[in-house]
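Heads up, entry_9.pdb below (PDB, C-alpha atoms, pLDDT in the B column):
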ATOM      1  CA  MET X   1      40.727  26.207  24.882  1.00 46.00           C
ATOM      2  CA  LYS X   2      38.481  28.924  23.465  1.00 47.00           C
ATOM      3  CA  ARG X   3      38.147  26.960  20.227  1.00 45.00           C
ATOM      4  CA  LEU X   4      36.342  24.046  21.829  1.00 41.00           C
ATOM      5  CA  PRO X   5      33.110  25.955  22.656  1.00 41.00           C
ATOM      6  CA  VAL X   6      33.082  27.545  19.196  1.00 39.00           C
ATOM      7  CA  ILE X   7      33.593  24.200  17.476  1.00 38.00           C
ATOM      8  CA  SER X   8      30.882  22.623  19.655  1.00 39.00           C
ATOM      9  CA  CYS X   9      28.421  25.371  18.701  1.00 39.00           C
ATOM     10  CA  LEU X  10      29.188  24.983  15.008  1.00 37.00           C
ATOM     11  CA  LEU X  11      28.718  21.222  15.173  1.00 38.00           C
ATOM     12  CA  ALA X  12      25.402  21.650  16.962  1.00 41.00           C
ATOM     13  CA  LEU X  13      24.192  24.008  14.250  1.00 40.00           C
ATOM     14  CA  THR X  14      25.194  21.744  11.378  1.00 43.00           C
ATOM     15  CA  THR X  15      23.469  18.644  12.702  1.00 45.00           C
ATOM     16  CA  GLY X  16      19.730  18.213  12.665  1.00 46.00           C
ATOM     17  CA  PRO X  17      17.132  20.514  11.097  1.00 47.00           C
ATOM     18  CA  ALA X  18      19.053  23.773  11.563  1.00 45.00           C
ATOM     19  CA  PHE X  19      20.082  23.640   7.909  1.00 49.00           C
ATOM     20  CA  ALA X  20      17.246  23.916   5.403  1.00 58.00           C
ATOM     21  CA  LEU X  21      16.904  21.484   2.548  1.00 59.00           C
ATOM     22  CA  SER X  22      18.145  23.121  -0.637  1.00 73.00           C
ATOM     23  CA  CYS X  23      16.305  22.099  -3.805  1.00 83.00           C
ATOM     24  CA  LEU X  24      16.466  23.292  -7.388  1.00 75.00           C
ATOM     25  CA  PRO X  25      13.149  24.740  -8.532  1.00 76.00           C
ATOM     26  CA  SER X  26      11.337  22.028 -10.433  1.00 85.00           C
ATOM     27  CA  THR X  27      10.212  22.543 -13.995  1.00 90.00           C
ATOM     28  CA  ILE X  28       8.427  20.297 -16.456  1.00 92.00           C
ATOM     29  CA  GLU X  29      11.509  20.361 -18.685  1.00 93.00           C
ATOM     30  CA  ARG X  30      13.978  19.407 -15.927  1.00 92.00           C
ATOM     31  CA  SER X  31      11.680  16.612 -14.779  1.00 92.00           C
ATOM     32  CA  TYR X  32      11.149  15.361 -18.335  1.00 93.00           C
ATOM     33  CA  GLN X  33      14.903  15.238 -18.976  1.00 92.00           C
ATOM     34  CA  PHE X  34      15.496  13.356 -15.709  1.00 91.00           C
ATOM     35  CA  HIS X  35      12.852  10.731 -16.512  1.00 92.00           C
ATOM     36  CA  ALA X  36      13.914  10.390 -20.157  1.00 92.00           C
ATOM     37  CA  LYS X  37      17.499   9.603 -19.063  1.00 93.00           C
ATOM     38  CA  ALA X  38      16.492   7.138 -16.339  1.00 93.00           C
ATOM     39  CA  LYS X  39      17.133   3.430 -16.839  1.00 95.00           C
ATOM     40  CA  GLU X  40      13.527   2.768 -15.794  1.00 95.00           C
ATOM     41  CA  GLN X  41      10.655   3.338 -18.231  1.00 96.00           C
ATOM     42  CA  TYR X  42       8.226   6.186 -17.527  1.00 96.00           C
ATOM     43  CA  ILE X  43       5.061   7.417 -19.166  1.00 96.00           C
ATOM     44  CA  LEU X  44       3.938  11.051 -19.192  1.00 96.00           C
ATOM     45  CA  VAL X  45       0.346  11.465 -18.009  1.00 97.00           C
ATOM     46  CA  PHE X  46      -2.250  14.139 -17.255  1.00 97.00           C
ATOM     47  CA  GLY X  47      -5.111  13.450 -14.857  1.00 97.00           C
ATOM     48  CA  LYS X  48      -5.924  12.858 -11.193  1.00 97.00           C
ATOM     49  CA  LEU X  49      -5.201  10.334  -8.506  1.00 96.00           C
ATOM     50  CA  THR X  50      -8.364   9.217  -6.716  1.00 95.00           C
ATOM     51  CA  ASN X  51      -9.459   6.524  -4.290  1.00 92.00           C
ATOM     52  CA  LYS X  52      -6.463   6.612  -1.909  1.00 88.00           C
ATOM     53  CA  ARG X  53      -6.253   3.309  -0.011  1.00 90.00           C
ATOM     54  CA  ASN X  54      -3.897   0.895   1.757  1.00 85.00           C
ATOM     55  CA  VAL X  55      -2.052   3.764   3.461  1.00 78.00           C
ATOM     56  CA  VAL X  56       1.125   2.827   5.328  1.00 82.00           C
ATOM     57  CA  HIS X  57       2.958   5.636   7.132  1.00 77.00           C
ATOM     58  CA  GLY X  58       6.680   5.485   7.673  1.00 76.00           C
ATOM     59  CA  PRO X  59       8.174   6.261  11.070  1.00 71.00           C
ATOM     60  CA  ASP X  60       7.803   9.785  12.456  1.00 66.00           C
ATOM     61  CA  ILE X  61      10.901  11.900  12.008  1.00 64.00           C
ATOM     62  CA  GLN X  62      12.542  12.504  15.369  1.00 62.00           C
ATOM     63  CA  GLY X  63      11.283  15.775  16.825  1.00 59.00           C
ATOM     64  CA  ASN X  64       8.652  16.255  14.084  1.00 57.00           C
ATOM     65  CA  THR X  65       5.560  14.073  14.388  1.00 58.00           C
ATOM     66  CA  ASP X  66       4.025  15.552  11.206  1.00 66.00           C
ATOM     67  CA  ALA X  67       6.884  14.458   8.932  1.00 70.00           C
ATOM     68  CA  HIS X  68       6.879  10.890   7.661  1.00 73.00           C
ATOM     69  CA  SER X  69       7.075   8.951   4.455  1.00 82.00           C
ATOM     70  CA  GLU X  70       3.927   7.363   3.128  1.00 85.00           C
ATOM     71  CA  ASN X  71       3.035   4.467   0.847  1.00 88.00           C
ATOM     72  CA  PHE X  72      -0.432   3.920  -0.595  1.00 92.00           C
ATOM     73  CA  THR X  73      -2.286   2.845  -3.682  1.00 95.00           C
ATOM     74  CA  ALA X  74      -4.595   5.063  -5.686  1.00 96.00           C
ATOM     75  CA  THR X  75      -6.402   5.044  -8.990  1.00 97.00           C
ATOM     76  CA  PHE X  76      -5.045   7.284 -11.739  1.00 97.00           C
ATOM     77  CA  VAL X  77      -7.707   8.530 -14.150  1.00 97.00           C
ATOM     78  CA  GLY X  78      -6.665  10.653 -17.118  1.00 97.00           C
ATOM     79  CA  GLU X  79      -4.714  10.472 -20.350  1.00 97.00           C
ATOM     80  CA  GLN X  80      -1.267   9.296 -21.365  1.00 97.00           C
ATOM     81  CA  ALA X  81       0.746  11.537 -23.667  1.00 95.00           C
ATOM     82  CA  THR X  82       1.269  10.395 -27.249  1.00 94.00           C
ATOM     83  CA  ARG X  83       2.800  12.155 -30.230  1.00 92.00           C
ATOM     84  CA  SER X  84      -0.567  13.830 -30.836  1.00 92.00           C
ATOM     85  CA  GLY X  85      -1.165  15.057 -27.270  1.00 92.00           C
ATOM     86  CA  PHE X  86      -2.628  13.810 -24.007  1.00 95.00           C
ATOM     87  CA  ASP X  87      -5.122  11.626 -25.803  1.00 94.00           C
ATOM     88  CA  ARG X  88      -4.706   7.997 -24.738  1.00 96.00           C
ATOM     89  CA  PRO X  89      -7.280   7.296 -21.984  1.00 97.00           C
ATOM     90  CA  LEU X  90      -5.709   5.713 -18.930  1.00 97.00           C
ATOM     91  CA  LYS X  91      -7.266   4.326 -15.770  1.00 97.00           C
ATOM     92  CA  THR X  92      -4.846   2.319 -13.651  1.00 96.00           C
ATOM     93  CA  THR X  93      -3.866   1.504 -10.095  1.00 96.00           C
ATOM     94  CA  VAL X  94      -0.698   3.298  -8.999  1.00 96.00           C
ATOM     95  CA  ALA X  95       1.613   2.440  -6.099  1.00 96.00           C
ATOM     96  CA  VAL X  96       2.528   5.814  -4.573  1.00 95.00           C
ATOM     97  CA  SER X  97       5.522   6.445  -2.292  1.00 92.00           C
ATOM     98  CA  THR X  98       6.789   9.600  -0.660  1.00 90.00           C
ATOM     99  CA  THR X  99      10.307   9.782   0.724  1.00 88.00           C
ATOM    100  CA  CYS X 100      12.043  11.953   3.290  1.00 85.00           C
ATOM    101  CA  ALA X 101      15.422  13.636   3.643  1.00 81.00           C
ATOM    102  CA  GLY X 102      15.903  14.466   7.278  1.00 77.00           C
ATOM    103  CA  ALA X 103      12.888  16.387   8.540  1.00 77.00           C
ATOM    104  CA  TRP X 104      11.567  17.148   5.034  1.00 82.00           C
ATOM    105  CA  CYS X 105       9.210  14.746   3.288  1.00 85.00           C
ATOM    106  CA  GLY X 106       7.519  14.629  -0.074  1.00 87.00           C
ATOM    107  CA  SER X 107       3.763  14.487  -0.474  1.00 87.00           C
ATOM    108  CA  VAL X 108       1.270  13.578  -3.168  1.00 91.00           C
ATOM    109  CA  ASN X 109      -2.157  15.197  -3.280  1.00 90.00           C
ATOM    110  CA  ILE X 110      -5.288  13.360  -4.318  1.00 91.00           C
ATOM    111  CA  ASP X 111      -8.048  14.744  -6.563  1.00 91.00           C
ATOM    112  CA  LEU X 112      -5.979  17.583  -8.051  1.00 95.00           C
ATOM    113  CA  PRO X 113      -5.256  17.750 -11.803  1.00 97.00           C
ATOM    114  CA  MET X 114      -1.610  16.914 -12.442  1.00 96.00           C
ATOM    115  CA  ILE X 115       1.017  16.191 -15.011  1.00 96.00           C
ATOM    116  CA  THR X 116       3.324  13.483 -13.746  1.00 96.00           C
ATOM    117  CA  PHE X 117       5.583  10.629 -14.752  1.00 96.00           C
ATOM    118  CA  LEU X 118       4.505   7.092 -13.880  1.00 97.00           C
ATOM    119  CA  MET X 119       7.155   4.397 -13.753  1.00 96.00           C
ATOM    120  CA  VAL X 120       6.202   1.265 -15.666  1.00 96.00           C
ATOM    121  CA  THR X 121       7.066  -1.850 -13.658  1.00 94.00           C
ATOM    122  CA  PRO X 122       6.260  -5.541 -14.140  1.00 93.00           C
ATOM    123  CA  TYR X 123       3.651  -5.075 -11.380  1.00 91.00           C
ATOM    124  CA  GLY X 124       1.968  -1.926 -12.697  1.00 93.00           C
ATOM    125  CA  HIS X 125       2.612   1.784 -12.349  1.00 97.00           C
ATOM    126  CA  ARG X 126       4.546   3.568  -9.616  1.00 96.00           C
ATOM    127  CA  LEU X 127       4.843   7.225  -8.555  1.00 96.00           C
ATOM    128  CA  THR X 128       7.507   8.428  -6.116  1.00 94.00           C
ATOM    129  CA  GLU X 129       7.822  11.966  -4.783  1.00 92.00           C
ATOM    130  CA  GLY X 130      10.673  13.166  -2.596  1.00 89.00           C
ATOM    131  CA  PRO X 131      10.993  16.231  -0.402  1.00 88.00           C
ATOM    132  CA  CYS X 132      12.210  18.403  -3.292  1.00 88.00           C
ATOM    133  CA  GLY X 133       9.277  17.526  -5.534  1.00 87.00           C
ATOM    134  CA  GLY X 134       9.746  17.625  -9.280  1.00 86.00           C
ATOM    135  CA  ASN X 135       7.747  14.570 -10.318  1.00 91.00           C
ATOM    136  CA  VAL X 136       4.245  16.007  -9.962  1.00 95.00           C
ATOM    137  CA  PHE X 137       2.979  19.323 -11.372  1.00 94.00           C
ATOM    138  CA  TYR X 138      -0.424  20.240  -9.944  1.00 95.00           C
ATOM    139  CA  ASN X 139      -3.033  22.318 -11.761  1.00 96.00           C
ATOM    140  CA  PRO X 140      -0.819  22.628 -14.848  1.00 94.00           C
ATOM    141  CA  ASP X 141      -1.438  25.590 -17.094  1.00 94.00           C
ATOM    142  CA  LYS X 142      -1.516  25.408 -20.896  1.00 94.00           C
ATOM    143  CA  GLY X 143       2.134  26.501 -21.052  1.00 92.00           C
ATOM    144  CA  GLN X 144       3.291  23.586 -18.902  1.00 92.00           C
ATOM    145  CA  THR X 145       1.185  21.154 -20.904  1.00 94.00           C
ATOM    146  CA  LYS X 146       2.571  22.514 -24.176  1.00 94.00           C
ATOM    147  CA  ARG X 147       6.183  22.370 -22.933  1.00 93.00           C
ATOM    148  CA  ALA X 148       5.772  18.781 -21.671  1.00 94.00           C
ATOM    149  CA  LEU X 149       4.487  17.681 -25.081  1.00 95.00           C
ATOM    150  CA  GLN X 150       7.240  19.667 -26.813  1.00 93.00           C
ATOM    151  CA  CYS X 151       9.804  17.673 -24.805  1.00 93.00           C
ATOM    152  CA  LEU X 152       8.056  14.406 -25.710  1.00 93.00           C
ATOM    153  CA  LEU X 153       8.169  15.313 -29.396  1.00 92.00           C
ATOM    154  CA  GLY X 154      11.899  16.046 -29.290  1.00 89.00           C
ATOM    155  CA  GLY X 155      11.561  19.818 -29.488  1.00 86.00           C
ATOM    156  CA  VAL X 156      13.307  22.400 -27.344  1.00 86.00           C
ATOM    157  CA  CYS X 157      13.231  21.060 -23.799  1.00 89.00           C
ATOM    158  CA  GLU X 158      15.026  23.598 -21.633  1.00 83.00           C
ATOM    159  CA  ALA X 159      13.775  25.037 -18.374  1.00 70.00           C
ATOM    160  CA  ILE X 160      12.535  28.607 -18.622  1.00 62.00           C
ATOM    161  CA  ARG X 161      14.677  30.887 -16.465  1.00 57.00           C
ATOM    162  CA  LYS X 162      12.924  33.593 -14.511  1.00 51.00           C
TER     163      LYS X 162
END
As structure tokens, please, write out the structure in this file.
Amino acid sequence: MKRLPVISCLLALTTGPAFALSCLPSTIERSYQFHAKAKEQYILVFGKLTNKRNVVHGPDIQGNTDAHSENFTATFVGEQATRSGFDRPLKTTVAVSTTCAGAWCGSVNIDLPMITFLMVTPYGHRLTEGPCGGNVFYNPDKGQTKRALQCLLGGVCEAIRK
């Protein structure tokens, strides 16, 4: 009979937001490898999303009114990566989606410099970011930019361990 209260307490702790979301730290290299292996086609870009519009919020997560998925369109302005660098001008509309896992949701910031991967679809470009991140790298430094291009060119593409 003493086991029942203990089991009930353990079950209560393992359901809901008591357990934190566990994510691998994202790196340009890990993200590049993921997108390169995907069945969908992606392009590597550097620039900013601007002009956020057509915002549709998903349902609030139970018990957390700040957490919700979001869909919107925005304009991407920047450059697409080629074999010679981020040098192909690109201005395009992007369908942006954030997803949630329990009480944790992804987010995409507007007007910040970023390196990201845009999915090429028959309807245009798409960007999805989940609660663990890994698709968008804000305010990239020269090292991140260099490593992203190194991956694109088939060079060493392994995450730096710290």
Polymer residues at most 12 Å from Ser26 in chain X, all atoms listed in the file, same-chain spacing of 4 or more positions, as a PyMOL selection string: chain X and resi 22+30-34+130-138+144+158-161
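The space separating CA of Val120 in chain X from CA of Gly85 in chain X comes to 19.5 Å.
Residues captured in this structure file are Pro17, Ile61, Asn64, Ala67, His68, Ser69, Glu70, Asn71, Phe72, Thr73, Ala74, Thr75, Phe76, Val77, Leu90, Lys91, Trp104, Cys105, Gly106, Ser107, Gly124, His125, Arg126, Leu127, Thr128, Glu129, Gly130 and Pro131 of chain X, according to the PyMOL selection byres ((chain X and resi 92-103) around 7).
Separating CA of Gly154 in chain X from CA of Pro25 in chain X is a distance of 22.5 Å.
For the residues X:Cys23, X:Ile110, X:Ile115, X:Ile28, ranking by smallest atom-to-atom distance to Leu49 in chain X using all atoms listed in the file places X:Ile110 first.
Between CA of Cys151 in chain X and CA of Arg88 in chain X lies a distance of 17.4 Å.
With distances taken over all atoms listed in the file, X:Thr121 is the one residue among X:Asn109, X:Thr121, X:Thr116, X:Gln150 lying closest to Gln41 in chain X.
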Explicit residues for the PyMOL selection byres ((chain X and resi 45) around 9) (as a ChimeraX atom specification): /X:43-44,46-47,78-81,86,90,114-118
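Distance annotation: of X:Pro122, X:Cys157, X:Lys48, X:Ser84, the residue with the minimal separation from Asn139 in chain X is X:Lys48; atom set is only C-alpha atoms.
Compared by their closest atoms to Thr50 in chain X, and using all atoms listed in the file, the residues X:Ala38, X:Glu29, X:Val108, X:Pro89 rank with X:Val108 nearest.
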Please determine an axis-aligned box that encloses all atoms of range 100-118 of chain X listed in the file, with 3 Å added on each side, and express its centre and edge lengths in Å to one decimal as JSON.
{"center_x": 3.9, "center_y": 12.4, "center_z": -3.2, "size_x": 30.0, "size_y": 16.7, "size_z": 29.6}
Would you mind writing range 23-59 of chain X with N, CA and C atoms, as a PDB file, in the coordinates of the input?
ATOM      1  N   CYS X  23      16.781  22.798  -2.612  1.00 83.00           N
ATOM      2  CA  CYS X  23      16.305  22.099  -3.805  1.00 83.00           C
ATOM      3  C   CYS X  23      16.296  23.052  -4.996  1.00 83.00           C
ATOM      4  N   LEU X  24      16.625  22.518  -6.165  1.00 75.00           N
ATOM      5  CA  LEU X  24      16.466  23.292  -7.388  1.00 75.00           C
ATOM      6  C   LEU X  24      14.979  23.453  -7.671  1.00 75.00           C
ATOM      7  N   PRO X  25      14.564  24.609  -8.169  1.00 76.00           N
ATOM      8  CA  PRO X  25      13.149  24.740  -8.532  1.00 76.00           C
ATOM      9  C   PRO X  25      12.797  23.726  -9.618  1.00 76.00           C
ATOM     10  N   SER X  26      11.692  23.042  -9.445  1.00 85.00           N
ATOM     11  CA  SER X  26      11.337  22.028 -10.433  1.00 85.00           C
ATOM     12  C   SER X  26      10.610  22.661 -11.611  1.00 85.00           C
ATOM     13  N   THR X  27      10.885  22.120 -12.765  1.00 90.00           N
ATOM     14  CA  THR X  27      10.212  22.543 -13.995  1.00 90.00           C
ATOM     15  C   THR X  27       9.823  21.282 -14.752  1.00 90.00           C
ATOM     16  N   ILE X  28       8.836  21.417 -15.597  1.00 92.00           N
ATOM     17  CA  ILE X  28       8.427  20.297 -16.456  1.00 92.00           C
ATOM     18  C   ILE X  28       9.622  19.804 -17.271  1.00 92.00           C
ATOM     19  N   GLU X  29      10.380  20.734 -17.821  1.00 93.00           N
ATOM     20  CA  GLU X  29      11.509  20.361 -18.685  1.00 93.00           C
ATOM     21  C   GLU X  29      12.575  19.585 -17.907  1.00 93.00           C
ATOM     22  N   ARG X  30      12.952  20.078 -16.731  1.00 92.00           N
ATOM     23  CA  ARG X  30      13.978  19.407 -15.927  1.00 92.00           C
ATOM     24  C   ARG X  30      13.495  18.003 -15.538  1.00 92.00           C
ATOM     25  N   SER X  31      12.240  17.903 -15.161  1.00 92.00           N
ATOM     26  CA  SER X  31      11.680  16.612 -14.779  1.00 92.00           C
ATOM     27  C   SER X  31      11.617  15.669 -15.983  1.00 92.00           C
ATOM     28  N   TYR X  32      11.212  16.187 -17.131  1.00 93.00           N
ATOM     29  CA  TYR X  32      11.149  15.361 -18.335  1.00 93.00           C
ATOM     30  C   TYR X  32      12.537  14.809 -18.667  1.00 93.00           C
ATOM     31  N   GLN X  33      13.540  15.670 -18.649  1.00 92.00           N
ATOM     32  CA  GLN X  33      14.903  15.238 -18.976  1.00 92.00           C
ATOM     33  C   GLN X  33      15.388  14.160 -18.004  1.00 92.00           C
ATOM     34  N   PHE X  34      15.102  14.347 -16.714  1.00 91.00           N
ATOM     35  CA  PHE X  34      15.496  13.356 -15.709  1.00 91.00           C
ATOM     36  C   PHE X  34      14.861  11.999 -16.021  1.00 91.00           C
ATOM     37  N   HIS X  35      13.557  11.989 -16.276  1.00 92.00           N
ATOM     38  CA  HIS X  35      12.852  10.731 -16.512  1.00 92.00           C
ATOM     39  C   HIS X  35      13.227  10.103 -17.853  1.00 92.00           C
ATOM     40  N   ALA X  36      13.513  10.918 -18.848  1.00 92.00           N
ATOM     41  CA  ALA X  36      13.914  10.390 -20.157  1.00 92.00           C
ATOM     42  C   ALA X  36      15.281   9.704 -20.081  1.00 92.00           C
ATOM     43  N   LYS X  37      16.151  10.178 -19.192  1.00 93.00           N
ATOM     44  CA  LYS X  37      17.499   9.603 -19.063  1.00 93.00           C
ATOM     45  C   LYS X  37      17.554   8.422 -18.098  1.00 93.00           C
ATOM     46  N   ALA X  38      16.501   8.206 -17.342  1.00 93.00           N
ATOM     47  CA  ALA X  38      16.492   7.138 -16.339  1.00 93.00           C
ATOM     48  C   ALA X  38      16.536   5.768 -16.999  1.00 93.00           C
ATOM     49  N   LYS X  39      17.100   4.789 -16.294  1.00 95.00           N
ATOM     50  CA  LYS X  39      17.133   3.430 -16.839  1.00 95.00           C
ATOM     51  C   LYS X  39      15.744   2.796 -16.797  1.00 95.00           C
ATOM     52  N   GLU X  40      14.891   3.264 -15.870  1.00 95.00           N
ATOM     53  CA  GLU X  40      13.527   2.768 -15.794  1.00 95.00           C
ATOM     54  C   GLU X  40      12.690   3.407 -16.905  1.00 95.00           C
ATOM     55  N   GLN X  41      11.563   2.787 -17.212  1.00 96.00           N
ATOM     56  CA  GLN X  41      10.655   3.338 -18.231  1.00 96.00           C
ATOM     57  C   GLN X  41       9.552   4.129 -17.545  1.00 96.00           C
ATOM     58  N   TYR X  42       9.277   5.329 -18.059  1.00 96.00           N
ATOM     59  CA  TYR X  42       8.226   6.186 -17.527  1.00 96.00           C
ATOM     60  C   TYR X  42       7.263   6.575 -18.643  1.00 96.00           C
ATOM     61  N   ILE X  43       6.015   6.843 -18.234  1.00 96.00           N
ATOM     62  CA  ILE X  43       5.061   7.417 -19.166  1.00 96.00           C
ATOM     63  C   ILE X  43       4.630   8.779 -18.618  1.00 96.00           C
ATOM     64  N   LEU X  44       4.380   9.700 -19.518  1.00 96.00           N
ATOM     65  CA  LEU X  44       3.938  11.051 -19.192  1.00 96.00           C
ATOM     66  C   LEU X  44       2.421  11.058 -19.216  1.00 96.00           C
ATOM     67  N   VAL X  45       1.801  11.516 -18.111  1.00 97.00           N
ATOM     68  CA  VAL X  45       0.346  11.465 -18.009  1.00 97.00           C
ATOM     69  C   VAL X  45      -0.221  12.771 -17.469  1.00 97.00           C
ATOM     70  N   PHE X  46      -1.493  13.002 -17.777  1.00 97.00           N
ATOM     71  CA  PHE X  46      -2.250  14.139 -17.255  1.00 97.00           C
ATOM     72  C   PHE X  46      -3.559  13.595 -16.701  1.00 97.00           C
ATOM     73  N   GLY X  47      -3.870  13.929 -15.461  1.00 97.00           N
ATOM     74  CA  GLY X  47      -5.111  13.450 -14.857  1.00 97.00           C
ATOM     75  C   GLY X  47      -5.110  13.663 -13.362  1.00 97.00           C
ATOM     76  N   LYS X  48      -5.802  12.756 -12.646  1.00 97.00           N
ATOM     77  CA  LYS X  48      -5.924  12.858 -11.193  1.00 97.00           C
ATOM     78  C   LYS X  48      -5.716  11.495 -10.562  1.00 97.00           C
ATOM     79  N   LEU X  49      -5.197  11.523  -9.346  1.00 96.00           N
ATOM     80  CA  LEU X  49      -5.201  10.334  -8.506  1.00 96.00           C
ATOM     81  C   LEU X  49      -6.452  10.397  -7.642  1.00 96.00           C
ATOM     82  N   THR X  50      -7.160   9.298  -7.541  1.00 95.00           N
ATOM     83  CA  THR X  50      -8.364   9.217  -6.716  1.00 95.00           C
ATOM     84  C   THR X  50      -8.315   7.932  -5.895  1.00 95.00           C
ATOM     85  N   ASN X  51      -9.270   7.771  -5.014  1.00 92.00           N
ATOM     86  CA  ASN X  51      -9.459   6.524  -4.290  1.00 92.00           C
ATOM     87  C   ASN X  51      -8.192   6.073  -3.557  1.00 92.00           C
ATOM     88  N   LYS X  52      -7.653   6.945  -2.700  1.00 88.00           N
ATOM     89  CA  LYS X  52      -6.463   6.612  -1.909  1.00 88.00           C
ATOM     90  C   LYS X  52      -6.812   5.500  -0.918  1.00 88.00           C
ATOM     91  N   ARG X  53      -5.981   4.444  -0.892  1.00 90.00           N
ATOM     92  CA  ARG X  53      -6.253   3.309  -0.011  1.00 90.00           C
ATOM     93  C   ARG X  53      -4.951   2.612   0.379  1.00 90.00           C
ATOM     94  N   ASN X  54      -5.053   1.685   1.298  1.00 85.00           N
ATOM     95  CA  ASN X  54      -3.897   0.895   1.757  1.00 85.00           C
ATOM     96  C   ASN X  54      -2.745   1.779   2.230  1.00 85.00           C
ATOM     97  N   VAL X  55      -3.058   2.800   3.015  1.00 78.00           N
ATOM     98  CA  VAL X  55      -2.052   3.764   3.461  1.00 78.00           C
ATOM     99  C   VAL X  55      -1.173   3.146   4.541  1.00 78.00           C
ATOM    100  N   VAL X  56       0.148   3.253   4.338  1.00 82.00           N
ATOM    101  CA  VAL X  56       1.125   2.827   5.328  1.00 82.00           C
ATOM    102  C   VAL X  56       2.067   4.004   5.554  1.00 82.00           C
ATOM    103  N   HIS X  57       2.076   4.527   6.798  1.00 77.00           N
ATOM    104  CA  HIS X  57       2.958   5.636   7.132  1.00 77.00           C
ATOM    105  C   HIS X  57       4.307   5.099   7.583  1.00 77.00           C
ATOM    106  N   GLY X  58       5.354   5.801   7.182  1.00 76.00           N
ATOM    107  CA  GLY X  58       6.680   5.485   7.673  1.00 76.00           C
ATOM    108  C   GLY X  58       6.830   6.017   9.089  1.00 76.00           C
ATOM    109  N   PRO X  59       7.977   5.786   9.699  1.00 71.00           N
ATOM    110  CA  PRO X  59       8.174   6.261  11.070  1.00 71.00           C
ATOM    111  C   PRO X  59       8.193   7.790  11.120  1.00 71.00           C
TER     112      PRO X  59
END
